[in-house]
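Q: Structure file start.cif (mmCIF, C-alpha atoms and all ligand atoms) right here:
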```
data_input
#
loop_
_atom_site.label_atom_id
_atom_site.label_comp_id
_atom_site.auth_asym_id
_atom_site.auth_seq_id
_atom_site.Cartn_x
_atom_site.Cartn_y
_atom_site.Cartn_z
CA MET A 287 76.65 100.72 75.57
CA SER A 288 78.80 98.30 77.54
CA ASP A 289 76.69 98.15 80.71
CA CYS A 290 73.34 98.07 78.90
CA ILE A 291 71.50 94.78 79.47
CA PHE A 292 69.79 94.89 76.08
CA CYS A 293 73.08 95.61 74.27
CA LYS A 294 74.44 92.52 76.04
CA ILE A 295 71.48 90.52 74.73
CA ILE A 296 72.18 91.80 71.20
CA LYS A 297 75.82 90.74 71.52
CA GLY A 298 74.80 87.33 72.89
CA GLU A 299 76.49 87.97 76.25
CA ILE A 300 73.17 87.40 78.02
CA PRO A 301 70.80 84.66 76.86
CA SER A 302 67.39 85.53 75.46
CA SER A 303 64.54 83.82 73.66
CA LYS A 304 64.76 85.53 70.27
CA VAL A 305 61.76 85.61 67.99
CA TYR A 306 63.07 87.87 65.21
CA GLU A 307 66.33 89.45 64.13
CA ASP A 308 67.55 91.50 61.17
CA ASP A 309 70.38 93.99 60.66
CA ALA A 310 68.65 96.75 62.58
CA VAL A 311 66.07 95.15 64.88
CA LEU A 312 65.88 92.40 67.50
CA ALA A 313 62.77 90.95 69.14
CA PHE A 314 62.89 88.63 72.14
CA LEU A 315 60.64 87.45 74.94
CA ASP A 316 60.33 89.62 78.03
CA ILE A 317 61.77 87.63 80.92
CA HIS A 318 58.86 88.64 83.19
CA PRO A 319 55.88 88.47 80.84
CA ILE A 320 52.57 90.17 81.55
CA ASN A 321 51.12 87.31 79.49
CA TYR A 322 52.98 84.45 77.79
CA GLY A 323 54.49 85.69 74.53
CA HIS A 324 55.11 89.24 75.82
CA THR A 325 57.82 90.37 73.40
CA LEU A 326 60.26 93.28 73.40
CA VAL A 327 61.23 94.86 70.08
CA ILE A 328 64.41 96.94 70.06
CA PRO A 329 66.75 98.68 67.65
CA LYS A 330 70.21 97.11 67.67
CA GLU A 331 71.76 100.56 67.98
CA HIS A 332 71.74 101.79 71.57
CA HIS A 333 69.38 104.75 72.01
CA GLU A 334 67.76 105.67 75.28
CA THR A 335 64.29 106.82 74.31
CA VAL A 336 62.02 106.86 71.30
CA VAL A 337 62.76 110.52 70.56
CA ASP A 338 66.46 109.68 70.25
CA LEU A 339 65.75 107.41 67.27
CA SER A 340 66.11 108.65 63.72
CA ASP A 341 62.86 108.58 61.77
CA ASN A 342 64.27 105.83 59.55
CA LEU A 343 65.24 103.58 62.44
CA LEU A 344 61.94 104.18 64.19
CA GLN A 345 60.16 103.12 61.01
CA GLU A 346 62.18 99.91 60.86
CA VAL A 347 61.38 99.10 64.48
CA ILE A 348 57.67 99.94 64.32
CA LEU A 349 57.19 97.85 61.18
CA GLN A 350 58.53 94.85 63.09
CA VAL A 351 56.32 95.70 66.06
CA LYS A 352 53.35 95.43 63.73
CA ARG A 353 54.58 92.12 62.27
CA ILE A 354 55.26 90.66 65.69
CA GLY A 355 51.82 91.74 66.88
CA GLN A 356 50.31 89.86 63.96
CA ALA A 357 52.52 86.81 64.65
CA VAL A 358 51.59 86.83 68.33
CA MET A 359 47.90 86.84 67.38
CA ALA A 360 48.28 84.05 64.84
CA GLY A 361 50.91 81.96 66.61
CA LEU A 362 49.51 82.10 70.12
CA ARG A 363 45.84 82.37 69.12
CA VAL A 364 45.23 85.29 71.44
CA ASP A 365 42.38 87.79 71.16
CA GLY A 366 44.38 91.01 70.87
CA PHE A 367 47.60 92.74 71.85
CA ASN A 368 48.82 95.94 73.44
CA ILE A 369 51.76 97.91 72.10
CA GLY A 370 53.54 99.85 74.83
CA LEU A 371 56.60 102.01 75.20
CA ASN A 372 57.62 103.43 78.54
CA ASN A 373 59.46 106.65 77.82
CA GLY A 374 61.45 107.98 80.78
CA ARG A 375 61.54 106.98 84.45
CA ALA A 376 58.27 108.75 85.27
CA ALA A 377 56.61 106.58 82.63
CA GLY A 378 58.06 103.38 84.08
CA GLN A 379 61.11 102.96 81.83
CA GLU A 380 63.59 100.78 83.69
CA VAL A 381 65.92 99.73 80.88
CA ASP A 382 67.51 102.69 79.12
CA HIS A 383 67.58 101.07 75.69
CA VAL A 384 64.40 102.00 73.86
CA HIS A 385 62.01 99.05 73.55
CA PHE A 386 58.46 98.45 72.45
CA HIS A 387 56.41 95.96 74.45
CA VAL A 388 54.08 93.72 72.44
CA ILE A 389 51.71 92.21 74.99
CA PRO A 390 49.36 89.39 73.98
CA ARG A 391 45.86 89.79 75.41
CA LEU A 392 43.06 87.38 76.13
CA SER A 393 39.47 88.50 76.58
CA ASN A 394 39.46 86.92 80.03
CA ASP A 395 43.03 87.67 81.20
CA GLY A 396 41.75 89.92 83.97
CA LEU A 397 44.17 92.78 83.26
CA LYS A 398 42.70 96.19 83.99
CA HIS A 399 43.02 99.18 81.70
CA TRP A 400 44.53 102.38 83.07
CA PRO A 401 42.25 104.55 85.19
CA SER A 402 40.87 107.66 83.48
CA ARG A 403 40.11 111.17 84.70
CA GLU A 404 37.85 114.05 83.64
CA TYR A 405 38.94 117.49 82.41
CA ALA A 406 37.77 120.49 84.38
CA GLU A 407 35.74 122.90 82.22
CA SER A 408 37.72 124.26 79.21
CA GLU A 409 40.96 122.73 80.54
CA ASN A 410 41.06 120.34 77.58
CA GLU A 411 41.35 123.28 75.14
CA LYS A 412 44.19 124.81 77.16
CA VAL A 413 46.03 121.52 77.34
CA ALA A 414 45.55 120.82 73.63
CA ASP A 415 46.83 124.33 72.87
CA LYS A 416 50.04 123.80 74.85
CA ILE A 417 50.78 120.67 72.86
CA LYS A 418 49.88 122.38 69.58
CA GLN A 419 52.23 125.27 70.34
CA ALA A 420 55.06 122.89 71.20
CA LEU A 421 54.59 121.13 67.88
CA LYS A 422 55.26 124.35 65.92
P1 LIG B 501 60.54 98.94 80.98
O1 LIG B 501 59.94 99.06 82.36
O2 LIG B 501 59.61 99.45 79.91
O3 LIG B 501 61.92 99.56 80.90
O4 LIG B 501 60.64 97.40 80.70
C1 LIG B 501 61.81 96.67 80.84
C2 LIG B 501 61.42 95.24 80.59
O5 LIG B 501 62.60 94.50 80.35
C3 LIG B 501 60.68 94.58 81.75
O6 LIG B 501 59.40 94.15 81.32
C4 LIG B 501 61.60 93.40 82.13
O7 LIG B 501 60.88 92.25 82.49
C5 LIG B 501 62.39 93.21 80.85
N1 LIG B 501 63.71 92.62 81.04
C6 LIG B 501 64.67 92.99 81.90
N2 LIG B 501 65.76 92.20 81.78
C7 LIG B 501 65.48 91.31 80.80
C8 LIG B 501 66.20 90.24 80.20
N3 LIG B 501 67.45 89.91 80.60
N4 LIG B 501 65.60 89.53 79.22
C9 LIG B 501 64.36 89.84 78.83
N5 LIG B 501 63.62 90.85 79.34
C10 LIG B 501 64.17 91.58 80.33
ZN ZN B 502 71.72 99.25 74.86
#
```
Would you write the structure of this file as structure tokens?
Ligand code: AMP
Ligand code: ZN
A:
Amino acid sequence: MSDCIFCKIIKGEIPSSKVYEDDAVLAFLDIHPINYGHTLVIPKEHHETVVDLSDNLLQEVILQVKRIGQAVMAGLRVDGFNIGLNNGRAAGQEVDHVHFHVIPRLSNDGLKHWPSREYAESENEKVADKIKQALK
């Protein structure tokens, strides 16, 4: 898409620090890293969200996410990494070109995990059932 910032990066119209590229996938450093080495992995085809991707393209992207996670661990000598994908505005998606975040983690980086809640009695079964039904 012509006004998409990530499409512009793919076309070389906006600079980026690329770490990997093939026919279908591009990976480059996030300009505002959570930790150094925070990498974004995107399909070269413009698609808004993960559910818009074909299964084949999603497979190509996720395989590179795994490889880049391994490379981040080995190359930056970090202790772990998070894989994230913000799907939709409510989930924090700001750039409408689907992208996986690979975020290097250090044991002492001070980042907090998301807060958690408790289910009210038997609500978990009801919630699970709604998802199960939608999968059919
Ligand atoms: P999200 O909130 O999941 O849509 O994340 C969008 C990410 O894109 C943010 O982490 C931004 O820092 C990152 N970002 C935005 N513009 C650029 C850019 N020109 N180069 C690299 N990363 C970018
Ligand atoms: Zn795009």
Q: Hey, can you pull every residue with an atom no more than 12 Å from (39.6, 89.5, 78.5), using all atoms listed in the file, and send it as number ranges by chain?
A: A: 321, 364-367, 390-399
Q: What does the distance between CA of Ile348 (chain A) and CA of Leu315 (chain A) come to in Å, to one decimal place?
A: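 Rounded to one decimal, the two atoms are 16.7 Å apart.
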Q: Report, in Å with one decimal, the straight-line distance from CA of Arg353 (chain A) to atom C3 of ligand LIG 501 (chain B).
A: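 The value is 20.6 Å.
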Q: Within 8 Å of ligand ZN 502 (chain B), which residues show up when you count all atoms listed in the file? List them as a list of chain:residue names, please.
A: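 Protein and nucleic-acid residues within 8 Å of ligand ZN 502 (chain B): A:Met287, A:Ser288, A:Asp289, A:Cys290, A:Ile291, A:Phe292, A:Cys293, A:Lys294, A:Lys330, A:Glu331, A:His332, A:His333, A:Glu334, A:Asp382, A:His383, A:Val384.
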Q: Using C-alpha atoms, can you write the selected residues to a file as a compact mmCIF listing (two decimals), keeping the file's coordinate frame?
A:
```txt
# COMPACT_ATOMS: atom_id res chain seq x y z
CA MET A 287 76.65 100.72 75.57
CA SER A 288 78.80 98.30 77.54
CA ASP A 289 76.69 98.15 80.71
CA CYS A 290 73.34 98.07 78.90
CA ILE A 291 71.50 94.78 79.47
CA PHE A 292 69.79 94.89 76.08
CA CYS A 293 73.08 95.61 74.27
CA LYS A 294 74.44 92.52 76.04
CA LYS A 330 70.21 97.11 67.67
CA GLU A 331 71.76 100.56 67.98
CA HIS A 332 71.74 101.79 71.57
CA HIS A 333 69.38 104.75 72.01
CA GLU A 334 67.76 105.67 75.28
CA ASP A 382 67.51 102.69 79.12
CA HIS A 383 67.58 101.07 75.69
CA VAL A 384 64.40 102.00 73.86
```
Q: For ligand LIG 501 (chain B), which residue among A:Leu312, A:Leu362, A:Arg375, A:Asn368 is the nearest when counting all atoms listed in the file?
A: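 Closest to ligand LIG 501 (chain B) of all the choices is A:Arg375.
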Q: Could you tell me which of A:Lys416, A:Ala313, A:Lys304, A:His324 comes closest to Val358 (chain A) if we count all atoms listed in the file?
A: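 For Val358 (chain A), the nearest of the given residues is A:His324.
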Q: List every residue of chain A that has an atom at most 7 Å from any atom of ligand LIG 501 (chain B), and for each one report the closest atom pair and its distance in Å to one decimal, counting only C-alpha atoms and all ligand atoms, with rows sorted by chain and then by increasing residue number, as a tab-separated table.
A:
```
residue	atom	partner	partner_atom	distance
A:Ile291	CA	B:LIG501	N3	6.4
A:Ile300	CA	B:LIG501	N3	6.8
A:Ser302	CA	B:LIG501	N4	5.8
A:Phe314	CA	B:LIG501	C9	7.0
A:Leu315	CA	B:LIG501	C9	5.9
A:Asp316	CA	B:LIG501	N5	3.7
A:Ile317	CA	B:LIG501	C9	4.0
A:His318	CA	B:LIG501	O7	4.2
A:Pro319	CA	B:LIG501	O7	6.5
A:Leu371	CA	B:LIG501	O2	6.1
A:Asn372	CA	B:LIG501	O2	4.7
A:Gly378	CA	B:LIG501	O1	5.0
A:Gln379	CA	B:LIG501	O3	3.6
A:Glu380	CA	B:LIG501	O3	3.5
A:Val381	CA	B:LIG501	O3	4.0
A:Asp382	CA	B:LIG501	O3	6.6
A:His385	CA	B:LIG501	O2	6.8
```
Q: For Val311 (chain A), please output as a ChimeraX atom specification all residues within 8 Å (counting all atoms listed in the file; exclusion window: fewer than 5 positions along the same chain).
A: /A:306,327-330,346-347,350
Q: With distances taken over only C-alpha atoms, which of A:Ile296, A:Val336, A:Ala310, A:Ile320 is nearest to Gly374 (chain A)?
A: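 Using only C-alpha atoms, the shortest distance to Gly374 (chain A) belongs to A:Val336.
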Q: Quick one: distance from CA of Lys418 (chain A) to CA of Leu349 (chain A) in Å, one decimal?
A: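 So the two atoms, CA of Lys418 (chain A) and CA of Leu349 (chain A), lie 26.9 Å apart.
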